$ cat run-v8.cif   # mmCIF, C-alpha atoms and all ligand atoms
data_upload
#
loop_
_atom_site.label_atom_id
_atom_site.label_comp_id
_atom_site.auth_asym_id
_atom_site.auth_seq_id
_atom_site.Cartn_x
_atom_site.Cartn_y
_atom_site.Cartn_z
CA MET A 27 25.05 25.39 4.67
CA ARG A 28 26.17 21.73 4.49
CA LEU A 29 23.38 19.28 3.78
CA GLN A 30 24.18 15.66 3.01
CA GLN A 31 20.92 14.93 1.27
CA LEU A 32 18.57 17.61 0.04
CA VAL A 33 14.99 16.41 0.05
CA THR A 34 12.25 18.54 -1.50
CA VAL A 35 8.85 18.18 0.12
CA VAL A 36 5.59 19.80 -0.94
CA GLY A 37 3.20 20.28 1.97
CA ALA A 38 -0.46 19.35 1.54
CA HIS A 39 -3.47 18.29 3.54
CA ALA A 40 -6.55 16.31 2.55
CA GLU A 41 -9.64 17.41 4.45
CA GLY A 42 -7.36 18.41 7.34
CA GLU A 43 -4.97 15.44 7.35
CA VAL A 44 -1.36 16.35 6.56
CA GLY A 45 0.14 14.29 3.74
CA ARG A 46 3.44 15.81 2.62
CA VAL A 47 4.85 14.71 -0.72
CA ILE A 48 8.51 14.16 -1.56
CA THR A 49 9.06 15.50 -5.05
CA GLY A 50 12.86 15.45 -5.19
CA GLY A 51 16.06 14.20 -3.61
CA VAL A 52 15.08 10.56 -3.03
CA LEU A 53 15.49 7.77 -5.57
CA ALA A 54 13.23 4.75 -5.12
CA PRO A 55 15.02 1.40 -5.45
CA PRO A 56 14.37 -0.72 -8.54
CA ALA A 57 11.77 -3.40 -7.79
CA SER A 58 9.46 -5.83 -9.55
CA SER A 59 6.38 -4.58 -7.66
CA MET A 60 5.46 -1.58 -5.52
CA PHE A 61 5.18 -3.92 -2.54
CA GLU A 62 8.80 -5.00 -3.09
CA CYS A 63 9.78 -1.34 -3.54
CA GLN A 64 8.15 -0.56 -0.17
CA GLN A 65 9.96 -3.48 1.51
CA LYS A 66 13.31 -2.31 0.11
CA ILE A 67 12.70 1.23 1.35
CA ILE A 68 11.88 -0.16 4.82
CA ALA A 69 15.10 -2.20 4.77
CA GLU A 70 17.44 0.35 3.19
CA GLN A 71 16.03 3.88 3.49
CA ASP A 72 14.00 3.93 6.70
CA GLY A 73 16.15 6.84 7.94
CA LEU A 74 13.96 9.03 5.76
CA ARG A 75 10.95 8.28 8.00
CA GLY A 76 12.90 9.31 11.10
CA MET A 77 14.30 12.37 9.39
CA LEU A 78 10.98 13.69 8.05
CA LEU A 79 8.50 12.48 10.69
CA SER A 80 10.36 13.12 13.94
CA ASP A 81 11.82 16.13 15.72
CA PRO A 82 13.70 18.31 14.91
CA ARG A 83 12.63 18.40 11.23
CA GLY A 84 9.14 16.92 11.29
CA SER A 85 6.44 15.60 13.54
CA VAL A 86 4.52 12.40 14.21
CA ASN A 87 1.38 14.36 13.25
CA ALA A 88 2.17 14.09 9.56
CA ALA A 89 2.74 11.46 6.90
CA VAL A 90 5.05 11.73 3.91
CA ASN A 91 4.62 10.15 0.52
CA LEU A 92 7.28 9.24 -1.98
CA ILE A 93 6.32 9.56 -5.64
CA THR A 94 8.13 6.90 -7.68
CA PRO A 95 8.09 5.69 -11.24
CA PRO A 96 5.35 3.06 -11.45
CA VAL A 97 6.24 -0.62 -11.75
CA ALA A 98 3.02 -1.74 -13.47
CA PRO A 99 3.16 -0.89 -17.18
CA ASP A 100 -0.29 0.71 -17.27
CA ALA A 101 0.20 2.96 -14.22
CA ASP A 102 1.15 6.66 -14.33
CA LEU A 103 2.98 7.03 -11.04
CA GLY A 104 3.94 5.01 -7.98
CA MET A 105 3.27 6.00 -4.36
CA ILE A 106 4.89 4.81 -1.14
CA VAL A 107 3.12 6.07 1.99
CA ILE A 108 5.30 6.64 5.03
CA GLU A 109 3.52 7.13 8.35
CA SER A 110 5.19 7.73 11.71
CA ASP A 111 5.17 4.08 12.83
CA HIS A 112 4.16 2.18 9.75
CA TYR A 113 4.31 1.92 5.97
CA PRO A 114 0.67 1.23 5.03
CA PRO A 115 0.08 -0.45 1.66
CA MET A 116 -2.48 2.26 0.77
CA SER A 117 -3.86 5.44 2.30
CA GLY A 118 -6.76 7.52 1.04
CA SER A 119 -5.85 10.95 2.43
CA ASN A 120 -2.25 10.45 1.33
CA LEU A 121 -3.31 9.40 -2.17
CA ILE A 122 -5.50 12.52 -2.48
CA CYS A 123 -2.54 14.70 -1.36
CA THR A 124 -0.11 12.90 -3.67
CA VAL A 125 -2.30 13.20 -6.76
CA THR A 126 -3.07 16.87 -6.02
CA VAL A 127 0.63 17.67 -5.58
CA ALA A 128 1.65 15.68 -8.68
CA LEU A 129 -0.90 17.58 -10.78
CA GLU A 130 -0.45 21.06 -9.31
CA THR A 131 3.37 20.96 -9.49
CA GLY A 132 3.34 19.62 -13.05
CA MET A 133 4.94 16.24 -12.27
CA VAL A 134 2.00 14.70 -14.08
CA PRO A 135 0.15 16.56 -16.86
CA MET A 136 -3.25 17.94 -15.91
CA THR A 137 -6.22 17.50 -18.23
CA GLU A 138 -9.34 19.57 -17.53
CA PRO A 139 -12.06 18.92 -16.58
CA VAL A 140 -10.98 15.43 -15.46
CA THR A 141 -7.52 13.89 -15.27
CA ARG A 142 -7.60 10.11 -15.11
CA LEU A 143 -4.60 8.41 -13.55
CA CYS A 144 -3.60 5.00 -12.36
CA VAL A 145 -1.51 4.99 -9.19
CA ASP A 146 0.67 1.96 -8.44
CA THR A 147 0.67 1.28 -4.69
CA PRO A 148 1.97 -1.61 -2.54
CA ALA A 149 -1.70 -2.65 -2.15
CA GLY A 150 -2.29 -2.73 -5.92
CA LEU A 151 -3.44 -0.42 -8.69
CA VAL A 152 -5.73 2.44 -7.73
CA ARG A 153 -7.57 4.27 -10.50
CA VAL A 154 -8.11 7.96 -9.88
CA ALA A 155 -10.37 10.66 -11.35
CA ALA A 156 -9.16 14.16 -10.50
CA GLU A 157 -11.57 17.01 -11.20
CA CYS A 158 -9.48 19.95 -12.37
CA ALA A 159 -10.28 23.54 -13.32
CA ASP A 160 -8.05 26.57 -13.97
CA GLY A 161 -4.89 24.67 -13.05
CA LYS A 162 -6.30 23.58 -9.69
CA CYS A 163 -7.08 20.00 -8.75
CA ARG A 164 -10.44 20.46 -7.05
CA ARG A 165 -11.37 16.92 -6.03
CA VAL A 166 -9.80 13.50 -6.23
CA SER A 167 -11.82 10.33 -6.16
CA PHE A 168 -10.28 6.89 -6.31
CA ARG A 169 -11.43 3.34 -6.88
CA ASN A 170 -9.76 1.59 -4.00
CA VAL A 171 -8.34 -1.92 -3.86
CA PRO A 172 -11.05 -4.40 -2.77
CA ALA A 173 -12.11 -4.12 0.87
CA PHE A 174 -13.38 -7.02 2.97
CA LEU A 175 -14.24 -8.15 6.47
CA MET A 176 -11.59 -10.32 8.12
CA HIS A 177 -13.35 -10.90 11.48
CA ARG A 178 -17.01 -10.15 12.23
CA ASP A 179 -18.32 -9.58 15.76
CA ALA A 180 -15.09 -10.90 17.25
CA MET A 181 -14.39 -10.63 20.97
CA VAL A 182 -11.29 -8.85 22.26
CA GLU A 183 -10.20 -8.56 25.88
CA VAL A 184 -8.76 -5.07 26.33
CA PRO A 185 -6.95 -4.22 29.58
CA GLY A 186 -9.01 -1.71 31.53
CA LEU A 187 -11.98 -1.95 29.14
CA GLY A 188 -12.97 -5.60 29.40
CA LEU A 189 -14.45 -7.70 26.61
CA LEU A 190 -15.30 -5.70 23.45
CA THR A 191 -17.11 -6.79 20.29
CA VAL A 192 -15.24 -5.64 17.19
CA ASP A 193 -14.98 -6.13 13.45
CA VAL A 194 -11.67 -6.34 11.62
CA ALA A 195 -11.66 -5.17 8.02
CA TYR A 196 -9.17 -4.44 5.26
CA GLY A 197 -9.53 -1.30 3.17
CA GLY A 198 -5.93 -0.88 2.00
CA MET A 199 -4.67 -1.43 5.55
CA ILE A 200 -6.14 -3.47 8.39
CA TYR A 201 -8.55 -1.87 10.89
CA VAL A 202 -10.13 -2.95 14.11
CA ILE A 203 -13.56 -1.29 14.02
CA VAL A 204 -15.29 -0.58 17.30
CA SER A 205 -18.54 1.21 18.11
CA ALA A 206 -17.77 4.71 19.42
CA GLU A 207 -21.16 4.85 21.17
CA ALA A 208 -20.57 1.56 23.04
CA LEU A 209 -17.50 3.16 24.63
CA GLY A 210 -19.27 6.43 25.44
CA PHE A 211 -17.68 8.54 22.69
CA THR A 212 -19.52 11.06 20.51
CA LEU A 213 -16.38 11.71 18.41
CA ALA A 214 -16.22 15.38 19.42
CA ARG A 215 -12.88 17.21 19.06
CA GLU A 216 -12.48 17.42 22.85
CA GLU A 217 -12.39 13.62 22.99
CA ALA A 218 -9.27 13.37 20.80
CA ARG A 219 -6.82 12.56 23.59
CA SER A 220 -9.08 10.01 25.21
CA LEU A 221 -9.87 8.40 21.84
CA VAL A 222 -6.15 8.05 21.16
CA GLU A 223 -5.44 6.45 24.53
CA THR A 224 -8.36 4.02 24.21
CA GLY A 225 -7.77 3.35 20.52
CA GLU A 226 -4.13 2.41 20.96
CA ARG A 227 -5.05 0.00 23.75
CA ILE A 228 -7.72 -1.63 21.59
CA LYS A 229 -5.35 -1.86 18.62
CA ILE A 230 -2.61 -3.55 20.63
CA ALA A 231 -5.02 -6.09 22.15
CA ALA A 232 -6.81 -6.80 18.86
CA ALA A 233 -3.54 -7.19 16.93
CA GLU A 234 -2.45 -9.84 19.43
CA GLN A 235 -5.77 -11.66 19.74
CA LEU A 236 -7.08 -11.50 16.16
CA PRO A 237 -4.39 -12.51 13.69
CA SER A 238 -5.26 -10.99 10.33
CA ILE A 239 -3.46 -11.77 7.08
CA HIS A 240 -4.36 -10.61 3.57
CA PRO A 241 -5.20 -13.82 1.69
CA GLU A 242 -3.52 -12.69 -1.54
CA ASN A 243 -0.46 -10.97 -0.05
CA PRO A 244 0.70 -12.50 3.25
CA GLY A 245 3.14 -9.58 3.52
CA ILE A 246 0.10 -7.47 4.44
CA HIS A 247 -0.86 -8.53 7.94
CA THR A 248 -1.64 -7.36 11.46
CA ILE A 249 -4.20 -4.79 12.60
CA ASN A 250 -2.49 -1.42 12.71
CA GLN A 251 -5.23 1.15 13.29
CA THR A 252 -8.39 1.49 15.38
CA LEU A 253 -11.49 2.97 13.76
CA PHE A 254 -14.12 4.32 16.14
CA ALA A 255 -17.33 4.02 14.16
CA GLY A 256 -20.09 6.53 14.83
CA PRO A 257 -23.71 5.44 14.34
CA LEU A 258 -25.07 5.16 10.81
CA HIS A 259 -27.74 7.78 10.04
CA GLU A 260 -29.77 8.56 6.99
CA ARG A 261 -29.93 12.28 6.12
CA ASP A 262 -31.95 13.44 3.11
CA GLY A 263 -31.86 9.88 1.85
CA VAL A 264 -28.05 9.57 2.15
CA LYS A 265 -26.32 7.21 4.58
CA THR A 266 -23.81 9.04 6.72
CA ALA A 267 -21.59 8.37 9.72
CA LYS A 268 -18.83 10.06 11.65
CA ASN A 269 -15.62 8.23 12.52
CA ALA A 270 -12.24 8.70 14.14
CA VAL A 271 -9.19 6.64 13.25
CA VAL A 272 -6.24 6.45 15.62
CA VAL A 273 -2.88 6.51 13.85
CA SER A 274 0.10 5.23 15.84
CA PRO A 275 1.97 6.33 17.89
CA GLY A 276 -1.21 8.10 18.95
CA ARG A 277 -3.10 10.78 17.10
CA ILE A 278 -6.43 11.13 15.34
CA ASP A 279 -6.64 11.12 11.56
CA ARG A 280 -7.87 14.62 10.78
CA SER A 281 -9.53 13.40 7.57
CA PRO A 282 -12.44 10.93 7.37
CA CYS A 283 -9.79 8.28 6.50
CA GLY A 284 -10.02 6.80 3.01
CA THR A 285 -8.86 3.26 3.74
CA GLY A 286 -10.94 3.29 6.93
CA SER A 287 -13.98 4.43 4.90
CA SER A 288 -13.48 1.46 2.56
CA ALA A 289 -13.12 -0.92 5.53
CA ARG A 290 -16.29 0.51 7.11
CA MET A 291 -18.20 0.14 3.84
CA ALA A 292 -17.14 -3.52 3.66
CA ALA A 293 -18.48 -4.05 7.19
CA LEU A 294 -21.74 -2.19 6.44
CA HIS A 295 -22.27 -4.13 3.22
CA ALA A 296 -21.67 -7.47 4.95
CA ARG A 297 -24.53 -6.57 7.33
CA GLY A 298 -26.87 -5.45 4.56
CA GLU A 299 -26.66 -1.79 5.70
CA LEU A 300 -25.07 -0.33 2.54
CA ALA A 301 -25.95 -1.49 -0.96
CA VAL A 302 -23.91 -1.34 -4.14
CA GLY A 303 -24.33 2.11 -5.69
CA GLU A 304 -25.64 3.72 -2.49
CA ARG A 305 -23.95 6.99 -1.40
CA PHE A 306 -22.13 7.02 1.92
CA VAL A 307 -20.88 10.28 3.44
CA HIS A 308 -18.15 9.65 5.99
CA SER A 309 -17.11 12.52 8.25
CA SER A 310 -14.07 13.18 10.40
CA ILE A 311 -13.49 14.56 13.87
CA LEU A 312 -13.16 17.97 12.12
CA ASP A 313 -16.50 17.34 10.34
CA THR A 314 -14.76 17.30 6.96
CA ILE A 315 -16.17 14.67 4.62
CA PHE A 316 -15.26 12.00 2.10
CA GLU A 317 -17.95 11.13 -0.46
CA CYS A 318 -18.01 7.36 -0.74
CA ALA A 319 -19.87 4.51 -2.42
CA ILE A 320 -19.58 0.82 -3.14
CA GLU A 321 -19.08 0.39 -6.89
CA GLU A 322 -19.30 -3.38 -7.09
CA GLU A 323 -18.96 -6.65 -5.26
CA ALA A 324 -15.81 -8.75 -5.63
CA THR A 325 -14.02 -11.65 -3.99
CA VAL A 326 -10.55 -11.68 -2.47
CA GLY A 327 -9.03 -15.05 -1.63
CA GLY A 328 -12.49 -16.52 -1.07
CA HIS A 329 -13.75 -13.57 1.04
CA ASP A 330 -16.74 -11.52 -0.11
CA ALA A 331 -15.35 -8.09 -0.88
CA VAL A 332 -16.45 -4.71 -2.20
CA VAL A 333 -14.79 -2.28 -4.57
CA THR A 334 -15.32 1.19 -3.17
CA ARG A 335 -14.92 4.75 -4.40
CA VAL A 336 -13.79 7.50 -2.04
CA GLY A 337 -13.44 11.18 -2.90
CA GLY A 338 -12.17 14.29 -1.16
CA ARG A 339 -10.14 17.46 -1.59
CA ALA A 340 -6.56 18.50 -0.86
CA TRP A 341 -4.75 21.81 -0.67
CA LEU A 342 -1.04 22.60 -0.98
CA THR A 343 0.46 24.36 2.04
CA GLY A 344 4.06 25.14 1.04
CA ILE A 345 7.37 23.82 -0.22
CA SER A 346 10.28 22.86 2.04
CA HIS A 347 13.78 21.54 1.59
CA TYR A 348 15.10 19.24 4.30
CA GLY A 349 18.61 17.95 4.85
CA CYS A 350 21.10 16.91 7.41
CA ASP A 351 24.32 18.61 8.43
CA PRO A 352 27.03 15.88 8.70
CA GLU A 353 27.67 16.99 12.32
CA ASP A 354 23.99 16.97 13.35
CA PRO A 355 23.64 14.57 16.32
CA PHE A 356 20.07 13.70 15.24
CA PRO A 357 20.30 12.70 11.56
CA THR A 358 17.24 10.45 11.79
CA GLY A 359 15.47 12.56 14.39
CA TYR A 360 14.22 11.73 17.85
CA ARG A 361 10.87 11.44 19.61
CA LEU A 362 9.58 12.50 23.00
CA ASN A 363 6.15 11.25 23.98
CA ASP A 364 5.11 14.58 25.47
CA SER A 365 3.20 15.29 22.26
CA TRP A 366 1.27 12.02 21.97
CA LEU A 367 0.30 9.13 24.20
CA THR A 368 1.98 5.76 24.35
CA CYS A 369 0.49 2.76 26.07
O1 LIG B 401 -7.06 8.17 4.54
C1 LIG B 401 -6.43 7.22 4.96
O2 LIG B 401 -6.53 6.10 4.47
C2 LIG B 401 -5.50 7.48 6.09
N1 LIG B 401 -5.40 8.81 6.64
C3 LIG B 401 -4.39 8.74 7.70
C4 LIG B 401 -4.47 7.31 8.15
C5 LIG B 401 -4.78 6.53 6.89
O3 LIG B 401 -3.53 6.29 6.28
#
$ encode --input "run-v8.cif" --output "structure tokens" --more "lines below"
Ligand SMILES: O=C(O)[C@H]1NCC[C@@H]1O
Amino acid sequence: MRLQQLVTVVGAHAEGEVGRVITGGVLAPPASSMFECQQKIIAEQDGLRGMLLSDPRGSVNAAVNLITPPVAPDADLGMIVIESDHYPPMSGSNLICTVTVALETGMVPMTEPVTRLCVDTPAGLVRVAAECADGKCRRVSFRNVPAFLMHRDAMVEVPGLGLLTVDVAYGGMIYVIVSAEALGFTLAREEARSLVETGERIKIAAAEQLPSIHPENPGIHTINQTLFAGPLHERDGVKTAKNAVVVSPGRIDRSPCGTGSSARMAALHARGELAVGERFVHSSILDTIFECAIEEEATVGGHDAVVTRVGGRAWLTGISHYGCDPEDPFPTGYRLNDSWLTC
């Protein structure tokens, strides 16, 4: 066996969404912030994304996360999220996987019944409470970076769909939020392919027509995911909604989407539909749930914002070692769009 770089990856999923975690074989570059660390990885080590998230070693249906030393002095670990087409500043399902893997493999000491950690991400510091028992991390909840609306009731012309009314909100990455009902979707599993095709079209049109830049970090810009929002219901006194987020190049987030949940809460709060302290149960296309709430109001670059908490569970699925034979013709992988849809 001749492998040029041996990368150790622990498999995990959060409420159905695969978020693998690199625990060895990759050194993060030195940087003065996690955002700079992310930018250096994009510039210098992007081959890792191709190698781990494309055929023949991986798949576009997963994300991988690199655990790094933190840059901020009061953080416990750093996290760089690598998705198939994008490096998001933050990701809820990936954070839940990363924390669960870090605790269950002993990279970070576990304290029962609750381990409190601060994770340094390109979006900022995220404080985490991990409920642990008998060596198992049972639930991870995190206080996300502030979420806010960037465009409210904006109009987007989408080829084949006409003029749509959408919101754009930031929850750790930038979402175009569209009513699922208005487009005839119930968010059932059988709709996955059609949701992906429609969602990618909406994302491309909205990204072009609704420029969106984070007011405090202009490096965070451009809509990169579509969130189909199901109707808000109240069940047993608790606000709840289903959603489906389309992750490029074209698949549905299997989890309820942590950053999308924060973005949705910002939009609901702006309309007076979700108050500070009120519970919000967000469910996925698989009917798995994230328990959410708005903890407090905030402001970001003059925008009204909310600080949200999102919680869910993750499970480890295995440990793999990946590498590349020096004669392998596909060192950074390849893609064929037979397994997803491209517009
Ligand atoms: O939970 C989240 O925030 C995400 N899950 C996959 C797509 C987003 O990164």
$ residues_near_ligand --input "run-v8.cif" --ligand "ligand LIG 401 (chain B)" --cutoff "6 Å" --atoms "only C-alpha atoms and all ligand atoms" --output "list in words"
Ser117, Gly118, Ser119, Val273, Asp279, Cys283, Gly284, Thr285 and Gly286 of chain A
$ closest_residue --input "run-v8.cif" --among "A:Val140, A:Asp81, A:Phe61, A:Gly132" --to "Met105 (chain A)" --atoms "only C-alpha atoms"
A:Phe61
$ residues_around --input "run-v8.cif" --residues "Leu300 (chain A)" --least-positions-apart "3" --cutoff "12 Å" --atoms "all atoms listed in the file" --output "PyMOL selection string"
chain A and resi 258-260+264-267+288+290-297+303-307+318-323+332+334
$ atom_distance --input "run-v8.cif" --atom1 "CA of Ala88 (chain A)" --atom2 "CA of Ala156 (chain A)"
23.0 Å
$ residues_around --input "run-v8.cif" --residues "Gln31 (chain A)" --least-positions-apart "4" --cutoff "10 Å" --atoms "all atoms listed in the file" --output "list of chain:residue names"
A:Gly51, A:Val52, A:His347, A:Tyr348, A:Gly349, A:Cys350, A:Asp351, A:Pro352
$ write_last_selection --input "run-v8.cif" --atoms "C-alpha atoms" --output "mmCIF file, keeping the file's coordinate frame"
data_model
loop_
_atom_site.group_PDB
_atom_site.id
_atom_site.type_symbol
_atom_site.label_atom_id
_atom_site.label_comp_id
_atom_site.auth_asym_id
_atom_site.auth_seq_id
_atom_site.Cartn_x
_atom_site.Cartn_y
_atom_site.Cartn_z
ATOM 1 C CA GLY A 51 16.060 14.200 -3.610
ATOM 2 C CA VAL A 52 15.080 10.560 -3.030
ATOM 3 C CA HIS A 347 13.780 21.540 1.590
ATOM 4 C CA TYR A 348 15.100 19.240 4.300
ATOM 5 C CA GLY A 349 18.610 17.950 4.850
ATOM 6 C CA CYS A 350 21.100 16.910 7.410
ATOM 7 C CA ASP A 351 24.320 18.610 8.430
ATOM 8 C CA PRO A 352 27.030 15.880 8.700
#
$ atom_distance --input "run-v8.cif" --atom1 "CA of Asn120 (chain A)" --atom2 "CA of Val204 (chain A)"
23.4 Å
$ closest_residue --input "run-v8.cif" --among "A:Thr49, A:Thr191, A:Asn243, A:Thr248" --to "Val36 (chain A)" --atoms "only C-alpha atoms"
A:Thr49
$ closest_residue --input "run-v8.cif" --among "A:Tyr201, A:Phe254, A:Gly84, A:Ser238" --to "Leu221 (chain A)" --atoms "all atoms listed in the file"
A:Phe254
$ axis_aligned_box --input "run-v8.cif" --around "region 268-284 of chain A" --padding-each-side "6 Å" --output "lines of an AutoDock Vina configuration file"
center_x = -8.4
center_y = 9.9
center_z = 11.0
size_x = 32.8
size_y = 21.4
size_z = 27.9
$ closest_residue --input "run-v8.cif" --among "A:Glu234, A:Asp102, A:Glu130, A:Glu353" --to "Val184 (chain A)" --atoms "only C-alpha atoms"
A:Glu234
$ atom_distance --input "run-v8.cif" --atom1 "CA of Ile200 (chain A)" --atom2 "CA of Cys63 (chain A)"
20.0 Å
$ closest_residue --input "run-v8.cif" --among "A:Val47, A:Val222, A:Val90, A:Leu362" --to "His112 (chain A)" --atoms "all atoms listed in the file"
A:Val90
$ closest_residue --input "run-v8.cif" --among "A:Met133, A:Ala255, A:Leu189, A:Val97" --to "Gly50 (chain A)" --atoms "all atoms listed in the file"
A:Met133
$ residues_near_point --input "run-v8.cif" --point "(-3.3, 4.4, 17.6)" --cutoff "8 Å" --atoms "all atoms listed in the file" --output "ChimeraX atom specification"
/A:222-223,225-227,229,250-252,271-278
